[in-house]
Amino acid sequence: MTKLWGGRFEGETDPFFAEFNASFRFDKRLLKADLRACRVQAAALGRAGVIAVEESDNICRGIDRLLELAEDAHWPDRAEYASAEDVHSFIESRLVELVGSAGYKLHTGRSRNDQVATATRLFLRDEIDALLSLLRETQTALIDLAERFPYDPLPGYTHLQKAQPILFSHFLLAYFHMLERDAERFADARRRTNVLPLGSGALAGSSFPVDREWMARQLGFDRVTRNSLDAVSDRDYILDFINAAATTMMHLSRLAEDLIVYSTQEFGFIILGDAIATGSSLMPQKKNPDSLELIRGKAARVFGHSAAMYALVKGLPLAYNKDLQEDKEALFDTIDTVAGSLRVTTIVLGNIEFNRERARRAAATDYTNATDLADYLVRRGLEFRRAHEIAGRIVVYAISRKLELTEISLDEYRAFSELFSDDLFESISLEQSLATKSSIGGTAPDRVRQELEAAREITEHTK
Ligand code: ARG
């Protein structure tokens with residue numbers, strides 16, 4: 001494989017260093033994006049009169065052929081290409097094989113520095129679009145599950161101690177909203193990715209009159225970069241993307257944790273389908289939530305990639321430095337990890353059985369209605385702090401008698417406060433407890449119904 005930079009060199013590259021320097025084994029993933037940008041570069045050179053129109057057409061035909069070959073994902077893996085330095089030199093070599101020395105004109109006024117930034121941005125833009133649809137699918141799976149059990153209660157927790165009853169659908173919609181913010185973050189990362197650096201040259205700009213605005217339009221970029229030094233050394237768009245992905249992984253990890261906890265024998269609110277669980281090689285009775293544990297674990301990889309990217313770019317002098325080649329594996333692994341985790345989350349959500357009776361019983365026991373008891377006294381005119389105190393004492397009394405608040409007699413209640421009368425029991429029922437949480441965003445069934453519909457609207461709209 002001839003080098004793109006051999007002229008200045010007399011000695012040979014050390015073979016181990018050549019291997020260390022090479023990025024083709026991973027940056028071949030940019031092949032199609034790079035070819036698309038190369039085609040526009042060739043056309044722009046022709047339009048500007050830098051190369052003859054026939055040469056430009058000839059190069060474009062060659063690139064079209066390479067794009068066809070690239071349809072076979074295994075094409076770059078052939079043994080004969082194993083010594084390619086990177087995807088850019090690979091493309092030039094293949095192009096010259098096809099169109100002859102005209103292929104050597106493609107790089108006029110261009111550097112691999114603006115080339116790699118262009119290919120990476122183009123590639124990432126499309127990957128973000130694909131991730132956005134995976135995100136929508138996960139949101140849809142959350143809504144689908146919520147609609148199977150729209151009005152079923154679940155205990156809500158703070159400090160992982162039972163707090164107040166909520167609806168299972170309300171719990172699921174919490175994750176819908178997290179993912180909705182993630183979609184916004186990805187869209188924002190896309191906006192700042194979709195800018196064309198091509199025409200920045202190695203660092204100083206191009207001395208050939210290529211029309212950068214035209215190239216941007218051809219490739220669907222929103223605008224062109226305005227400073228060539230920044231353009232070739234900026235990796236903020238990768239960081240923006242990885243950080244958006246890290247937040248998504250943090251959300252998926254929390255959902256995974258909740259579902260792992262809820263599927264334990266101790267909680268038993270959900271049952272994981274066989275399709276998403278695994279067994280133990282030793283203990284015959286086991287059914288383990290490996291799918292969810294892996295999602296929880298994989299979040300760590302993406303957080304690591306974020307830290308690695310900051311460390312990579314921090315302290316780099318302007319402009320391009322080869323350190324930046326290290327951005328790609330972090331980027332690719334982030335894409336694969338978040339895509340895989342979204343997919344598996346969607347599958348898990350489709351393979352969950354909800355134990356309605358058990359969740360209802362759990363929601364109605366252990367004094368989850370103590371706040372409703374205090375609220376009752378408030379409605380009878382007592383200050384909240386005093387009401388809280390009395391309800392607390394009643395809870396202690398109930399615990400000592402192994403009774404729920406609904407099992408204490410009115411006479412016993414009246415010993416704590418004259419304000420209690422027989423409408424108390426309705427007020428502290430599970431149904432009433434839920435129905436009264438009717439503030440916007442509350443868990444009252446009517447509110448949740450509205451929010452479910454709004455959520456469905458969002459996913460239908462953005463498909
Ligand atoms: N493989 C390189 C990268 O990923 C391409 C740019 C190389 N530029 C250079 N001046 N050596 O960053």
# chains A, B, ... in the order shown; residues from 1 in each chain; ligands from 1

$ residues_near_ligand --ligand "ligand 1" --cutoff "10 Å" --atoms "only C-alpha atoms and all ligand atoms" --output "VMD selection string"
chain A and resid 4 to 5 21 to 24 26 to 27 30 85 to 89 111 to 117 120 202 to 203 232 to 233 320 to 329

$ residues_around --residues "Asp211 (chain A)" --least-positions-apart "4" --cutoff "8 Å" --atoms "only C-alpha atoms" --output "PyMOL selection string"
chain A and resi 44+48+215

$ atom_distance --atom1 "CA of Tyr397 (chain A)" --atom2 "CA of Ala444 (chain A)"
29.2 Å

$ residues_around --residues "Asn351 (chain A)" --least-positions-apart "4" --cutoff "8 Å" --atoms "only C-alpha atoms" --output "PyMOL selection string"
chain A and resi 272-273+275-276+347

$ residues_around --residues "Thr365 (chain A)" --least-positions-apart "3" --cutoff "12 Å" --atoms "only C-alpha atoms" --output "PyMOL selection string"
chain A and resi 153-156+162-165+358-362+368-370+395+398-399+402-407+428-430

$ write_last_selection --atoms "N, CA and C atoms" --output "PDB file, in the first residue's frame"
ATOM      1  N   PRO A 153     -52.524  -0.100  40.692  1.00  0.00           N
ATOM      2  CA  PRO A 153     -51.635   0.551  41.667  1.00  0.00           C
ATOM      3  C   PRO A 153     -50.317  -0.189  41.876  1.00  0.00           C
ATOM      4  N   LEU A 154     -49.356   0.581  42.331  1.00  0.00           N
ATOM      5  CA  LEU A 154     -48.017   0.090  42.652  1.00  0.00           C
ATOM      6  C   LEU A 154     -47.581   0.918  43.861  1.00  0.00           C
ATOM      7  N   PRO A 155     -46.849   0.352  44.790  1.00  0.00           N
ATOM      8  CA  PRO A 155     -46.320   1.231  45.838  1.00  0.00           C
ATOM      9  C   PRO A 155     -45.282   2.168  45.234  1.00  0.00           C
ATOM     10  N   GLY A 156     -45.342   3.437  45.632  1.00  0.00           N
ATOM     11  CA  GLY A 156     -44.270   4.353  45.256  1.00  0.00           C
ATOM     12  C   GLY A 156     -43.279   4.404  46.406  1.00  0.00           C
ATOM     13  N   LYS A 162     -41.515   2.186  51.400  1.00  0.00           N
ATOM     14  CA  LYS A 162     -42.838   2.480  50.843  1.00  0.00           C
ATOM     15  C   LYS A 162     -43.272   3.882  51.228  1.00  0.00           C
ATOM     16  N   ALA A 163     -43.762   4.637  50.266  1.00  0.00           N
ATOM     17  CA  ALA A 163     -44.108   6.037  50.517  1.00  0.00           C
ATOM     18  C   ALA A 163     -45.596   6.284  50.307  1.00  0.00           C
ATOM     19  N   GLN A 164     -46.026   6.310  49.045  1.00  0.00           N
ATOM     20  CA  GLN A 164     -47.436   6.530  48.738  1.00  0.00           C
ATOM     21  C   GLN A 164     -47.802   5.672  47.539  1.00  0.00           C
ATOM     22  N   PRO A 165     -49.075   5.328  47.408  1.00  0.00           N
ATOM     23  CA  PRO A 165     -49.480   4.538  46.236  1.00  0.00           C
ATOM     24  C   PRO A 165     -49.367   5.385  44.969  1.00  0.00           C
ATOM     25  N   ARG A 358     -50.542  -8.597  43.534  1.00  0.00           N
ATOM     26  CA  ARG A 358     -49.478  -8.411  44.510  1.00  0.00           C
ATOM     27  C   ARG A 358     -49.089  -6.927  44.646  1.00  0.00           C
ATOM     28  N   ALA A 359     -49.029  -6.238  43.490  1.00  0.00           N
ATOM     29  CA  ALA A 359     -48.660  -4.820  43.518  1.00  0.00           C
ATOM     30  C   ALA A 359     -49.748  -4.006  44.218  1.00  0.00           C
ATOM     31  N   ARG A 360     -51.013  -4.381  43.972  1.00  0.00           N
ATOM     32  CA  ARG A 360     -52.122  -3.670  44.625  1.00  0.00           C
ATOM     33  C   ARG A 360     -52.059  -3.858  46.139  1.00  0.00           C
ATOM     34  N   ARG A 361     -51.849  -5.101  46.555  1.00  0.00           N
ATOM     35  CA  ARG A 361     -51.763  -5.384  47.986  1.00  0.00           C
ATOM     36  C   ARG A 361     -50.599  -4.608  48.604  1.00  0.00           C
ATOM     37  N   ALA A 362     -49.483  -4.609  47.914  1.00  0.00           N
ATOM     38  CA  ALA A 362     -48.306  -3.904  48.444  1.00  0.00           C
ATOM     39  C   ALA A 362     -48.561  -2.402  48.520  1.00  0.00           C
ATOM     40  N   THR A 368     -49.094   3.233  53.652  1.00  0.00           N
ATOM     41  CA  THR A 368     -48.868   4.146  52.521  1.00  0.00           C
ATOM     42  C   THR A 368     -49.942   5.234  52.484  1.00  0.00           C
ATOM     43  N   ASN A 369     -51.023   5.054  53.277  1.00  0.00           N
ATOM     44  CA  ASN A 369     -52.089   6.067  53.310  1.00  0.00           C
ATOM     45  C   ASN A 369     -51.977   6.985  54.526  1.00  0.00           C
ATOM     46  N   ALA A 370     -50.855   6.944  55.228  1.00  0.00           N
ATOM     47  CA  ALA A 370     -50.714   7.790  56.431  1.00  0.00           C
ATOM     48  C   ALA A 370     -50.785   9.275  56.070  1.00  0.00           C
ATOM     49  N   VAL A 395     -50.132   5.742  63.538  1.00  0.00           N
ATOM     50  CA  VAL A 395     -49.333   4.694  62.880  1.00  0.00           C
ATOM     51  C   VAL A 395     -48.635   3.828  63.937  1.00  0.00           C
ATOM     52  N   ALA A 398     -51.147   1.580  65.377  1.00  0.00           N
ATOM     53  CA  ALA A 398     -51.535   0.519  64.427  1.00  0.00           C
ATOM     54  C   ALA A 398     -50.457  -0.560  64.343  1.00  0.00           C
ATOM     55  N   ILE A 399     -49.204  -0.130  64.321  1.00  0.00           N
ATOM     56  CA  ILE A 399     -48.108  -1.105  64.252  1.00  0.00           C
ATOM     57  C   ILE A 399     -48.157  -2.016  65.485  1.00  0.00           C
ATOM     58  N   LYS A 402     -50.721  -4.536  65.046  1.00  0.00           N
ATOM     59  CA  LYS A 402     -50.624  -5.262  63.766  1.00  0.00           C
ATOM     60  C   LYS A 402     -51.864  -5.026  62.893  1.00  0.00           C
ATOM     61  N   LEU A 403     -52.269  -3.774  62.827  1.00  0.00           N
ATOM     62  CA  LEU A 403     -53.436  -3.406  62.017  1.00  0.00           C
ATOM     63  C   LEU A 403     -53.018  -2.423  60.933  1.00  0.00           C
ATOM     64  N   GLU A 404     -53.751  -2.443  59.829  1.00  0.00           N
ATOM     65  CA  GLU A 404     -53.618  -1.380  58.832  1.00  0.00           C
ATOM     66  C   GLU A 404     -54.495  -0.207  59.279  1.00  0.00           C
ATOM     67  N   LEU A 405     -54.275   0.962  58.702  1.00  0.00           N
ATOM     68  CA  LEU A 405     -55.068   2.137  59.096  1.00  0.00           C
ATOM     69  C   LEU A 405     -56.547   1.956  58.781  1.00  0.00           C
ATOM     70  N   THR A 406     -56.838   1.135  57.782  1.00  0.00           N
ATOM     71  CA  THR A 406     -58.241   0.894  57.396  1.00  0.00           C
ATOM     72  C   THR A 406     -58.917  -0.094  58.343  1.00  0.00           C
ATOM     73  N   GLU A 407     -58.129  -0.727  59.236  1.00  0.00           N
ATOM     74  CA  GLU A 407     -58.683  -1.757  60.116  1.00  0.00           C
ATOM     75  C   GLU A 407     -58.933  -1.252  61.543  1.00  0.00           C
ATOM     76  N   ILE A 428     -59.180   7.351  53.225  1.00  0.00           N
ATOM     77  CA  ILE A 428     -57.879   6.679  53.294  1.00  0.00           C
ATOM     78  C   ILE A 428     -57.865   5.373  52.490  1.00  0.00           C
ATOM     79  N   SER A 429     -58.896   5.203  51.636  1.00  0.00           N
ATOM     80  CA  SER A 429     -58.904   4.009  50.777  1.00  0.00           C
ATOM     81  C   SER A 429     -57.871   4.196  49.663  1.00  0.00           C
ATOM     82  N   LEU A 430     -57.437   3.076  49.125  1.00  0.00           N
ATOM     83  CA  LEU A 430     -56.441   3.118  48.043  1.00  0.00           C
ATOM     84  C   LEU A 430     -56.955   3.950  46.863  1.00  0.00           C
TER      85      LEU A 430
END

$ decode --residues "region 265-308 of chain A" --atoms "N, CA and C atoms" --output "PDB file, in the first residue's frame"
ATOM      1  N   GLN A 265     -38.005 -11.982  44.406  1.00  0.00           N
ATOM      2  CA  GLN A 265     -39.031 -12.678  45.196  1.00  0.00           C
ATOM      3  C   GLN A 265     -39.577 -11.742  46.266  1.00  0.00           C
ATOM      4  N   GLU A 266     -38.728 -10.885  46.800  1.00  0.00           N
ATOM      5  CA  GLU A 266     -39.133 -10.011  47.889  1.00  0.00           C
ATOM      6  C   GLU A 266     -40.190  -9.001  47.431  1.00  0.00           C
ATOM      7  N   PHE A 267     -40.026  -8.448  46.255  1.00  0.00           N
ATOM      8  CA  PHE A 267     -41.021  -7.491  45.731  1.00  0.00           C
ATOM      9  C   PHE A 267     -42.074  -8.234  44.902  1.00  0.00           C
ATOM     10  N   GLY A 268     -41.622  -8.906  43.874  1.00  0.00           N
ATOM     11  CA  GLY A 268     -42.522  -9.760  43.097  1.00  0.00           C
ATOM     12  C   GLY A 268     -43.611  -9.020  42.325  1.00  0.00           C
ATOM     13  N   PHE A 269     -43.367  -7.772  41.931  1.00  0.00           N
ATOM     14  CA  PHE A 269     -44.388  -7.020  41.180  1.00  0.00           C
ATOM     15  C   PHE A 269     -44.390  -7.386  39.705  1.00  0.00           C
ATOM     16  N   ILE A 270     -43.212  -7.746  39.195  1.00  0.00           N
ATOM     17  CA  ILE A 270     -43.165  -8.124  37.782  1.00  0.00           C
ATOM     18  C   ILE A 270     -42.495  -9.485  37.641  1.00  0.00           C
ATOM     19  N   ILE A 271     -42.840 -10.133  36.537  1.00  0.00           N
ATOM     20  CA  ILE A 271     -42.233 -11.417  36.208  1.00  0.00           C
ATOM     21  C   ILE A 271     -41.577 -11.241  34.852  1.00  0.00           C
ATOM     22  N   LEU A 272     -40.301 -11.544  34.780  1.00  0.00           N
ATOM     23  CA  LEU A 272     -39.584 -11.408  33.509  1.00  0.00           C
ATOM     24  C   LEU A 272     -39.815 -12.655  32.660  1.00  0.00           C
ATOM     25  N   GLY A 273     -40.108 -12.442  31.383  1.00  0.00           N
ATOM     26  CA  GLY A 273     -40.329 -13.572  30.479  1.00  0.00           C
ATOM     27  C   GLY A 273     -39.043 -14.353  30.255  1.00  0.00           C
ATOM     28  N   ASP A 274     -39.214 -15.616  29.848  1.00  0.00           N
ATOM     29  CA  ASP A 274     -38.046 -16.473  29.609  1.00  0.00           C
ATOM     30  C   ASP A 274     -37.121 -15.873  28.548  1.00  0.00           C
ATOM     31  N   ALA A 275     -37.701 -15.106  27.628  1.00  0.00           N
ATOM     32  CA  ALA A 275     -36.920 -14.586  26.504  1.00  0.00           C
ATOM     33  C   ALA A 275     -35.810 -13.633  26.927  1.00  0.00           C
ATOM     34  N   ILE A 276     -35.908 -13.101  28.120  1.00  0.00           N
ATOM     35  CA  ILE A 276     -34.957 -12.053  28.519  1.00  0.00           C
ATOM     36  C   ILE A 276     -34.229 -12.385  29.808  1.00  0.00           C
ATOM     37  N   ALA A 277     -34.379 -13.630  30.258  1.00  0.00           N
ATOM     38  CA  ALA A 277     -33.721 -14.032  31.498  1.00  0.00           C
ATOM     39  C   ALA A 277     -32.791 -15.202  31.208  1.00  0.00           C
ATOM     40  N   THR A 278     -31.929 -15.494  32.154  1.00  0.00           N
ATOM     41  CA  THR A 278     -31.046 -16.647  31.989  1.00  0.00           C
ATOM     42  C   THR A 278     -31.064 -17.458  33.276  1.00  0.00           C
ATOM     43  N   GLY A 279     -30.550 -18.692  33.176  1.00  0.00           N
ATOM     44  CA  GLY A 279     -30.557 -19.576  34.340  1.00  0.00           C
ATOM     45  C   GLY A 279     -29.193 -19.640  34.989  1.00  0.00           C
ATOM     46  N   SER A 280     -29.102 -20.441  35.999  1.00  0.00           N
ATOM     47  CA  SER A 280     -27.836 -20.657  36.708  1.00  0.00           C
ATOM     48  C   SER A 280     -27.294 -22.020  36.332  1.00  0.00           C
ATOM     49  N   SER A 281     -25.962 -22.091  36.215  1.00  0.00           N
ATOM     50  CA  SER A 281     -25.343 -23.374  35.884  1.00  0.00           C
ATOM     51  C   SER A 281     -25.392 -24.309  37.092  1.00  0.00           C
ATOM     52  N   LEU A 282     -25.598 -23.750  38.250  1.00  0.00           N
ATOM     53  CA  LEU A 282     -25.587 -24.579  39.461  1.00  0.00           C
ATOM     54  C   LEU A 282     -26.967 -24.713  40.100  1.00  0.00           C
ATOM     55  N   MET A 283     -27.668 -23.567  40.263  1.00  0.00           N
ATOM     56  CA  MET A 283     -28.924 -23.592  41.021  1.00  0.00           C
ATOM     57  C   MET A 283     -30.106 -23.728  40.068  1.00  0.00           C
ATOM     58  N   PRO A 284     -30.751 -24.864  40.096  1.00  0.00           N
ATOM     59  CA  PRO A 284     -31.772 -25.162  39.078  1.00  0.00           C
ATOM     60  C   PRO A 284     -32.978 -24.227  39.108  1.00  0.00           C
ATOM     61  N   GLN A 285     -33.257 -23.621  40.263  1.00  0.00           N
ATOM     62  CA  GLN A 285     -34.490 -22.829  40.371  1.00  0.00           C
ATOM     63  C   GLN A 285     -34.337 -21.416  39.821  1.00  0.00           C
ATOM     64  N   LYS A 286     -33.085 -21.006  39.493  1.00  0.00           N
ATOM     65  CA  LYS A 286     -32.823 -19.592  39.248  1.00  0.00           C
ATOM     66  C   LYS A 286     -33.317 -19.090  37.904  1.00  0.00           C
ATOM     67  N   LYS A 287     -33.765 -17.845  37.930  1.00  0.00           N
ATOM     68  CA  LYS A 287     -34.075 -17.126  36.701  1.00  0.00           C
ATOM     69  C   LYS A 287     -33.548 -15.716  36.925  1.00  0.00           C
ATOM     70  N   ASN A 288     -32.476 -15.390  36.250  1.00  0.00           N
ATOM     71  CA  ASN A 288     -31.758 -14.150  36.538  1.00  0.00           C
ATOM     72  C   ASN A 288     -32.024 -13.068  35.486  1.00  0.00           C
ATOM     73  N   PRO A 289     -32.074 -11.826  35.924  1.00  0.00           N
ATOM     74  CA  PRO A 289     -32.394 -10.717  35.002  1.00  0.00           C
ATOM     75  C   PRO A 289     -31.155 -10.189  34.273  1.00  0.00           C
ATOM     76  N   ASP A 290     -30.411 -11.073  33.620  1.00  0.00           N
ATOM     77  CA  ASP A 290     -29.139 -10.664  32.994  1.00  0.00           C
ATOM     78  C   ASP A 290     -29.307  -9.534  31.981  1.00  0.00           C
ATOM     79  N   SER A 291     -30.412  -9.547  31.257  1.00  0.00           N
ATOM     80  CA  SER A 291     -30.630  -8.503  30.243  1.00  0.00           C
ATOM     81  C   SER A 291     -30.555  -7.128  30.911  1.00  0.00           C
ATOM     82  N   LEU A 292     -31.241  -7.004  32.031  1.00  0.00           N
ATOM     83  CA  LEU A 292     -31.284  -5.713  32.723  1.00  0.00           C
ATOM     84  C   LEU A 292     -29.962  -5.399  33.415  1.00  0.00           C
ATOM     85  N   GLU A 293     -29.322  -6.430  33.937  1.00  0.00           N
ATOM     86  CA  GLU A 293     -28.029  -6.194  34.604  1.00  0.00           C
ATOM     87  C   GLU A 293     -26.992  -5.712  33.592  1.00  0.00           C
ATOM     88  N   LEU A 294     -27.054  -6.250  32.391  1.00  0.00           N
ATOM     89  CA  LEU A 294     -26.095  -5.817  31.364  1.00  0.00           C
ATOM     90  C   LEU A 294     -26.333  -4.369  30.968  1.00  0.00           C
ATOM     91  N   ILE A 295     -27.594  -3.990  30.849  1.00  0.00           N
ATOM     92  CA  ILE A 295     -27.893  -2.593  30.520  1.00  0.00           C
ATOM     93  C   ILE A 295     -27.352  -1.688  31.626  1.00  0.00           C
ATOM     94  N   ARG A 296     -27.596  -2.085  32.860  1.00  0.00           N
ATOM     95  CA  ARG A 296     -27.087  -1.310  33.997  1.00  0.00           C
ATOM     96  C   ARG A 296     -25.560  -1.219  33.936  1.00  0.00           C
ATOM     97  N   GLY A 297     -24.927  -2.350  33.624  1.00  0.00           N
ATOM     98  CA  GLY A 297     -23.465  -2.378  33.577  1.00  0.00           C
ATOM     99  C   GLY A 297     -22.897  -1.594  32.404  1.00  0.00           C
ATOM    100  N   LYS A 298     -23.575  -1.652  31.274  1.00  0.00           N
ATOM    101  CA  LYS A 298     -23.024  -1.011  30.080  1.00  0.00           C
ATOM    102  C   LYS A 298     -23.024   0.513  30.177  1.00  0.00           C
ATOM    103  N   ALA A 299     -23.841   1.053  31.053  1.00  0.00           N
ATOM    104  CA  ALA A 299     -23.808   2.504  31.261  1.00  0.00           C
ATOM    105  C   ALA A 299     -22.386   2.936  31.615  1.00  0.00           C
ATOM    106  N   ALA A 300     -21.693   2.100  32.374  1.00  0.00           N
ATOM    107  CA  ALA A 300     -20.338   2.450  32.822  1.00  0.00           C
ATOM    108  C   ALA A 300     -19.393   2.669  31.644  1.00  0.00           C
ATOM    109  N   ARG A 301     -19.548   1.857  30.580  1.00  0.00           N
ATOM    110  CA  ARG A 301     -18.667   2.022  29.419  1.00  0.00           C
ATOM    111  C   ARG A 301     -18.809   3.416  28.832  1.00  0.00           C
ATOM    112  N   VAL A 302     -20.053   3.854  28.696  1.00  0.00           N
ATOM    113  CA  VAL A 302     -20.291   5.143  28.032  1.00  0.00           C
ATOM    114  C   VAL A 302     -19.793   6.288  28.909  1.00  0.00           C
ATOM    115  N   PHE A 303     -19.974   6.173  30.238  1.00  0.00           N
ATOM    116  CA  PHE A 303     -19.425   7.208  31.126  1.00  0.00           C
ATOM    117  C   PHE A 303     -17.901   7.253  30.939  1.00  0.00           C
ATOM    118  N   GLY A 304     -17.309   6.084  30.782  1.00  0.00           N
ATOM    119  CA  GLY A 304     -15.866   6.008  30.566  1.00  0.00           C
ATOM    120  C   GLY A 304     -15.457   6.691  29.275  1.00  0.00           C
ATOM    121  N   HIS A 305     -16.240   6.498  28.215  1.00  0.00           N
ATOM    122  CA  HIS A 305     -15.918   7.146  26.934  1.00  0.00           C
ATOM    123  C   HIS A 305     -16.009   8.663  27.051  1.00  0.00           C
ATOM    124  N   SER A 306     -16.959   9.146  27.839  1.00  0.00           N
ATOM    125  CA  SER A 306     -17.077  10.591  28.037  1.00  0.00           C
ATOM    126  C   SER A 306     -15.812  11.117  28.721  1.00  0.00           C
ATOM    127  N   ALA A 307     -15.411  10.455  29.784  1.00  0.00           N
ATOM    128  CA  ALA A 307     -14.196  10.885  30.500  1.00  0.00           C
ATOM    129  C   ALA A 307     -12.980  10.806  29.584  1.00  0.00           C
ATOM    130  N   ALA A 308     -12.914   9.750  28.779  1.00  0.00           N
ATOM    131  CA  ALA A 308     -11.774   9.573  27.874  1.00  0.00           C
ATOM    132  C   ALA A 308     -11.709  10.711  26.852  1.00  0.00           C
TER     133      ALA A 308
END
